[in-house]
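*Asks:* The structure's right below; bear with me while I get my questions together.
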Amino acid sequence: MDAYDNRSFGKPGTILSIFIAFMWSLTVPAFVLTLPQSSHQNSGAFASSPRLFEKTTKLHSKTNAIADVSSDIDLASSEKKGTMILADDPDFVKPALDKRKYRSILLPNNLQVLLVSDPDTDIESAAVHTRTGHFNDPAHRAGLAHFHEHMLFLGTQKFPVENEFEDFLGRNGGLSNAYTDMEDTNYYLNVAPLDYDEDTDNDGELPDNDNPSKVSSALYGALDRFAQFFISPLFNAESVERELRAIDSEFLNGMTSDSWRNYQLLKSSCNPSHPFSKFGCGNYNTLTNGGDITGKSAEDSGGSSPRDDLIQFWEQNYVAENMKLCVVAKAEINHMQECVEELFKDVRPRDKARLNGSDNVHSNDSSSSELNQKINGESNIDQFFKSENQKYGVEAFGSSELRVVREIIPLVEMRSIKIYFPTPPSNDELVRKTRPFRVISHLLGHESPGSLHSLLLEEGLINGLSSGVGIGASDFSMSTVSLSLTQKGMERRDYVLDLVWQWIAMVREAVYNDPDLMGTFHDEMNQMASNSFRFRENGDPTDFCSNAADMLFDYEPSKLLLGSSKSDPYDSEIANRFMDRFTPGNCMINIFDSDLEKEDRKAETSYLSDNKAPWLTEKWYKAKYREFPISQTVLDNWANTSNVDSRLRLPALNAFIPSDFSLRADDDEALLSFDPDIDYSKVMPTLIMEKLGLRVWHKLDRTFRVPKISFRLFLTSPNVYRSPRTITLNRIYEKILRDDLNSLVYDASIAGCNYRVSCGPEGFSISVSGYSEKLSQLLDVVTSRMLSIIEDMKKGKNGSPALYQKFLKAKDNLLRDTKNGKLDSPYETASYMARMMMEDNVWHINNYIAEMEGEYAESDPLTMEECAKTAEDSLTKRLSAELLSMGNINENDAKDVTKLIQTRFLNTARPLQYEEIPQIKTLRMPTRDEARKIFGPELKDGIPLVLEELAYSDSEENNAVQIILQADAEHSMGYEGVALLELISQMAYNSAYNQLRTKEQLGYIVSAFVKKTSGGGQAFTIVVQSSTTMPDALEDRCEAWLKQFREELVDFPPERFAMEATAVVAQLLERNIGFKDEVSFAWGEILSSSNLGSKHSKPAFDRMEKLAKELVVSDFKNEAFEDSLGGSKISIEKTSQDLKDQVLRIWDQYFALGAPERSGVSVRVYGQNGKDHYKNNVGKPGYLSTYDDVRQVKNFFGAIPPASYWVNTE
């Protein structure tokens, strides 16, 4: 959770992902250029935040290694005046599967650019990364870098309208985001590559776009607007005051987040003279230098406007040499270069900035005179790593900050220990050379038998252990060993820490005295990284751009794609020096324990606790903690590890690393059946076996050509969700299985083969994927243990004592996780409550808790034997199954896999009858007239049904509202109706965000979208979370916006509807980027049809094309749709005016105020400051205040027909 966002929800996606979750971060490993495809939110972010520090690969270290590119790279002059080609396509080291064209150039103004030409992309993207972050905040404006990032989105001289940038992206099927890190800020965007001539002025007219380049009009317009961020931002005074309140709302959201609280506490424990100690998010008070948000303005409330400082910050830091640009487009690379040269030529170089009085681009204002001085000879750290502690002249964590224990009370139930070790920066020349942290962290966090993780797991003391470098700045990093403890583990924390230091000593012994073994581990990791790079597929272009722009600072262009996938041979001296830092004297320990204030804890004696230490409160996010020094006796004991536990041993070499990468598509039989005229990317899995209770699907990969397979199995069972007790027991079984399999499959997971077993209301899902050579072996291990562990569990406590400990731990963890769910943020709570209101036959969170805790649980406790019996009933008794084998596997091998699955699960099971298939149905909410019949005539105006809840957390200050307005059953609406809802969702988001968030500043989290509910429901939804406005007032403002938006729809010309529809079509028809995407799409369609009955069970693999067709009009060009036809022609009779009329008809039928079929519910969640408002509404007509109220009123509602819109009933 790395990011403060300046936008809440993302722009609604296609029907594949209608509800987009709030995005907390986009910071990623520096060497990972391809990530799973994700939806991007229009949001800014403060990013150097509560990243989970233990992840080995989560590095965010920065360097200016090629800031002066002319000194490191042989520059070739291009034909374009002044532009230099730093690296052209033949120079780039690429993955074997990468067919894109690359070029890195240096513009005359010294802006370095990476151009990527990808004719096959359906998403065009751009990103700018700057080497400026909150370390650059002036002392009197904490959070200025983060605030500055927000402000760049709110108007430029060329495009002064505040929401114009986002509106343009929205009309072109795109969106944007940004984050602010410690020393960096990253901005990125994407669009669909649309080529119609369009631009929109304030009156909705459509003048011609003056795009002179040969890139798409959408990308040209986006880059034109984007470039102005770095050429002529306005920083309008009115926008400044409004956005200050958005920052404050964002800050308040973090007050109830343990991640933010704990991260800021870590920052507060830093040397106050180092910029890491700064408060990077900022709030109204810090940004206005003393202003009060309750006043009308900063000046009126005792502060001052930050506008002048914003301008100065931009002038000092936003210069070409301090920025990198990356662009991905369909266009030919020379045309891309021409476009970038034209649009970014006016970004100021450093010399011009100096003429404007901004002499220090990397200035860091601080009250400490030590900043920007070299570290003096008094330091106790040698300078083997030359960049360590250099940039800011002081150690972030020196002797004064170390050898300390902090005990922290989290908001949620949580028990963990983090050991922090200050280490050299990851971008130090020697560290980057051989990456010693990688092999050290690999061993410290290893999970194989004999490891520290395995030992503590077997004793029931931990839930997990990990190690890695989490925080990275240009002058230091923080390596961590993190342990998630059970309650038993926290009680025995002294013992746990003793074992941790013994394990570190064992690893240190290998590092110091066995370089051959360490070299072997190093080579093994290099081999895995090499495999990953070799078969890396192109990822989401937006992720790529964001990461690549960052990496341009760290790598020479030709090796940018390779990144850190390759390192030099093992260097024992560098590893020894890095390992030197993992000592008791060079650490601090943070203990997170929700039980710290309980009476029974006060009598405990532990060298990791001090009941006499006073409780303190962190200044910004108010984390409650106490701290005390680690005694010298304890430090000496930890350092004296001559008696290492005999059960600990270093791991063996990894037997799961693949070596056979041959492709079944190249086998003789496959070559004989290959047809060059077929586009195999459009060929869907075929049904190779169908019998009662089983369908088997297969597709041999000929498109992406990666040596990987994905097995997907879904076992539908009516026994999983039969009662709160059965689903609880199945979830406990799931946790026990994962715990038990951990050490068996760990090597496979780090070598690129993964599994997941999970249960849900409809049954069990099993997924096994990775390199094909070893995957069948992993599938065999997982499915075999799924059943054998049940037999072991049946033996009970005495027969299987180790499993019984896992059972107790799983039950405790599930109870903790379930109870913590009640502490979700208000908007998340509102979403959950809406589901409880609208779905039939669902169990409430309190039902689950009652099975594990309380009077009923004590009288009839859950047992391991009952857990085994329940899992057995769910996995082997009454089942239907869907199985997909896809990738580097032929049909015969897929049939062998089928035999394995039949043997494991199906041969003894009875196939389900259609009536037995579990279905969750959506209930139809009442219209106003229907509600009067239920509650009487004294209903409030507006939405007749209101569900209210008081936030569970005593510290929650935010309120939220979620308004849900139902449309008709999706089968009744058909393709046309569902497509029109997609168009409404597309058009509504920016309007709602601009009005409710940007202009009215109701809250930090704002979104409007159409979402699909379980069982065939479709609903238009508005979400707002606010720290300043009560839910009833939020509802009123949402209703006012609904009225305003209807007026906007009327005022928009027909061409605007066609334009927006074109963007939706482009999103619907986005092709699968990689093998994982293709599998996810195919599997989703198969599962969507699996429980529809035999007559309607054929997957609708073509439903995206059919939806898209409903939005195509005859009088507006739609290249995305035309391309999907592959040259064939289709007659379109619908016009732009017809499309507008259809949208207005649906709006007026279901969503408009006073619409005859308007039905829905308003879900309100009150923070603690709204407790009186909540109590005053209890018992009013139409108000539901308890879950019992909800259950009672559901008796009046009928279910929406669950048939899907793509089912053909003819």
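We label chains A, B, ... in the order they appear in the structure tokens, count residues from 1 in each chain, and number ligands from 1 in the order shown.
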Apply DSSP to the structure's backbone, then extract all residues of segment 459-582 of chain A labelled alpha helix (DSSP H) and return them as a ChimeraX atom specification.

*Replies:* /A:487-491,493-513,515-534,541-551,572-579

*Asks:* Mind the document's chain letters and residue numbers, and return as a ChimeraX atom specification the residues of segment 291-481 of chain A that DSSP labels strand (DSSP E).

*Replies:* /A:323-329,404-409,415-423,462-472,477-481

*Asks:* Using only C-alpha atoms, which of A:Pro272, A:Pro233, A:Gly174, A:Gly489 sits nearest Arg307 of chain A?

*Replies:*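 Checking each of A:Pro272, A:Pro233, A:Gly174, A:Gly489 against Arg307 of chain A, counting only C-alpha atoms, the winner is A:Pro233.
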
*Asks:* Mind giving me the straight-line distance from atom CA of Ala329 of chain A to atom CA of Lys101 of chain A in Å, one decimal?

*Replies:* 10.2 Å

*Asks:* So how many Å separate atom CA of Glu948 of chain A and atom CA of Val1024 of chain A, to one decimal?

*Replies:*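 Interatomic distance here is 14.6 Å.
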
*Asks:* Measuring atom to atom with only C-alpha atoms, identify which of A:Tyr392, A:Phe1009, A:Phe230, A:Phe384 is nearest to Ile311 of chain A.

*Replies:*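 Closest residue, counting only C-alpha atoms: A:Phe230.
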
*Asks:* As an exercise, work out the distance from atom CA of Ala127 of chain A to atom CA of Asp428 of chain A in Å and give it to one decimal place.

*Replies:*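 About the pair atom CA of Ala127 of chain A and atom CA of Asp428 of chain A: they are 25.5 Å apart.
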
*Asks:* What's around Asn262 of chain A at 10 Å? Count only C-alpha atoms, leave out sequence neighbours fewer than 6 positions away in its own chain, and write the answer as a ChimeraX atom specification.

*Replies:* /A:49-50,268,408-410,590,592,618,621-625

*Asks:* Write the residues of the selection above to a file with N, CA, C and O atoms, as a PDB file, in the first residue's frame.

*Replies:*
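selection10.pdb, written as the output of this step:
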```pdb
ATOM      1  N   SER A  49       5.740   5.144   0.775  1.00  0.00           N
ATOM      2  CA  SER A  49       4.908   5.000   1.931  1.00  0.00           C
ATOM      3  C   SER A  49       4.926   3.609   2.498  1.00  0.00           C
ATOM      4  O   SER A  49       5.892   2.909   2.370  1.00  0.00           O
ATOM      5  N   PRO A  50       3.804   3.157   3.095  1.00  0.00           N
ATOM      6  CA  PRO A  50       3.834   1.881   3.782  1.00  0.00           C
ATOM      7  C   PRO A  50       3.936   0.706   2.845  1.00  0.00           C
ATOM      8  O   PRO A  50       3.084  -0.154   2.811  1.00  0.00           O
ATOM      9  N   SER A 268       9.489   8.966  11.456  1.00  0.00           N
ATOM     10  CA  SER A 268       9.692   9.827  12.623  1.00  0.00           C
ATOM     11  C   SER A 268      10.833   9.344  13.497  1.00  0.00           C
ATOM     12  O   SER A 268      11.379  10.119  14.286  1.00  0.00           O
ATOM     13  N   ILE A 408       4.148  -1.159  19.298  1.00  0.00           N
ATOM     14  CA  ILE A 408       3.149  -0.332  18.619  1.00  0.00           C
ATOM     15  C   ILE A 408       1.800  -1.018  18.701  1.00  0.00           C
ATOM     16  O   ILE A 408       1.687  -2.228  18.448  1.00  0.00           O
ATOM     17  N   ILE A 409       0.776  -0.244  19.034  1.00  0.00           N
ATOM     18  CA  ILE A 409      -0.586  -0.779  19.090  1.00  0.00           C
ATOM     19  C   ILE A 409      -1.270  -0.498  17.756  1.00  0.00           C
ATOM     20  O   ILE A 409      -1.560   0.660  17.433  1.00  0.00           O
ATOM     21  N   PRO A 410      -1.546  -1.513  16.960  1.00  0.00           N
ATOM     22  CA  PRO A 410      -2.219  -1.294  15.672  1.00  0.00           C
ATOM     23  C   PRO A 410      -3.713  -1.096  15.858  1.00  0.00           C
ATOM     24  O   PRO A 410      -4.271  -1.400  16.915  1.00  0.00           O
ATOM     25  N   ASN A 590      10.670  -3.220  15.558  1.00  0.00           N
ATOM     26  CA  ASN A 590       9.309  -2.748  15.776  1.00  0.00           C
ATOM     27  C   ASN A 590       8.397  -3.947  16.007  1.00  0.00           C
ATOM     28  O   ASN A 590       8.379  -4.886  15.201  1.00  0.00           O
ATOM     29  N   PHE A 592       4.473  -5.051  16.582  1.00  0.00           N
ATOM     30  CA  PHE A 592       3.087  -4.620  16.409  1.00  0.00           C
ATOM     31  C   PHE A 592       2.190  -5.649  17.085  1.00  0.00           C
ATOM     32  O   PHE A 592       2.165  -6.813  16.680  1.00  0.00           O
ATOM     33  N   GLU A 618       2.644   9.281  17.843  1.00  0.00           N
ATOM     34  CA  GLU A 618       3.319   9.860  16.672  1.00  0.00           C
ATOM     35  C   GLU A 618       2.582  11.116  16.214  1.00  0.00           C
ATOM     36  O   GLU A 618       1.350  11.169  16.245  1.00  0.00           O
ATOM     37  N   TYR A 621       0.076  10.715  12.137  1.00  0.00           N
ATOM     38  CA  TYR A 621      -1.003   9.724  12.006  1.00  0.00           C
ATOM     39  C   TYR A 621      -1.433   9.125  13.344  1.00  0.00           C
ATOM     40  O   TYR A 621      -2.306   8.267  13.384  1.00  0.00           O
ATOM     41  N   LYS A 622      -0.779   9.570  14.415  1.00  0.00           N
ATOM     42  CA  LYS A 622      -1.220   9.270  15.788  1.00  0.00           C
ATOM     43  C   LYS A 622      -1.045   7.807  16.175  1.00  0.00           C
ATOM     44  O   LYS A 622      -1.828   7.286  16.981  1.00  0.00           O
ATOM     45  N   ALA A 623      -0.059   7.134  15.644  1.00  0.00           N
ATOM     46  CA  ALA A 623       0.224   5.772  16.096  1.00  0.00           C
ATOM     47  C   ALA A 623       0.629   5.805  17.568  1.00  0.00           C
ATOM     48  O   ALA A 623       1.432   6.641  17.994  1.00  0.00           O
ATOM     49  N   LYS A 624       0.093   4.894  18.323  1.00  0.00           N
ATOM     50  CA  LYS A 624       0.401   4.793  19.746  1.00  0.00           C
ATOM     51  C   LYS A 624       1.512   3.775  19.941  1.00  0.00           C
ATOM     52  O   LYS A 624       1.413   2.637  19.487  1.00  0.00           O
ATOM     53  N   TYR A 625       2.579   4.169  20.675  1.00  0.00           N
ATOM     54  CA  TYR A 625       3.737   3.301  20.805  1.00  0.00           C
ATOM     55  C   TYR A 625       4.519   3.650  22.070  1.00  0.00           C
ATOM     56  O   TYR A 625       4.300   4.683  22.700  1.00  0.00           O
TER      57      TYR A 625
END
```

*Asks:* Looking at only C-alpha atoms, which of A:Asn322, A:Thr703, A:Asn334, A:Asn888 is the one that sits closest to Leu775 of chain A?

*Replies:*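 Of the candidates, the smallest distance to Leu775 of chain A is held by A:Asn888.
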
*Asks:* Give me, as CSV, each residue of segment 982-1063 of chain A that comes within 12 Å of segment 1168-1189 of chain A, together with its shortest interatomic pair and the distance in Å at one decimal, counting only C-alpha atoms, with rows ordered by chain and rising residue number.

*Replies:*
```
residue,atom,partner,partner_atom,distance
A:Ser1026,CA,A:Gly1170,CA,11.6
A:Ser1027,CA,A:Asn1169,CA,9.4
A:Thr1028,CA,A:Asn1169,CA,9.7
A:Thr1029,CA,A:Gly1170,CA,9.3
A:Met1030,CA,A:Gly1170,CA,6.8
A:Pro1031,CA,A:Gly1170,CA,8.7
A:Asp1032,CA,A:His1173,CA,9.0
A:Ala1033,CA,A:His1173,CA,11.2
```

*Asks:* Check the smallest atom-to-atom distance from each of A:Leu808, A:Leu779, A:Leu980, A:Val1165 to Gln962 of chain A using only C-alpha atoms, then report the winner.

*Replies:*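 Going through A:Leu808, A:Leu779, A:Leu980, A:Val1165 one by one, the smallest distance to Gln962 of chain A is for A:Val1165.
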
*Asks:* List as an NGL selection string the protein and nucleic acid residues near segment 869-881 of chain A, meaning an atom at most 8 Å away when only C-alpha atoms are counted, but skip any in the same chain fewer than 2 places from it.

*Replies:* :A and (692-695 or 713-720 or 726 or 729-730 or 733 or 763-764 or 787 or 790 or 794 or 865-867 or 883 or 905-906 or 908-912)

*Asks:* Compile the contact shell of Glu241 of chain A as a ChimeraX atom specification: residues with an atom at most 8 Å away, counting only C-alpha atoms, same-chain residues fewer than 6 positions apart removed.

*Replies:* /A:297-298,305
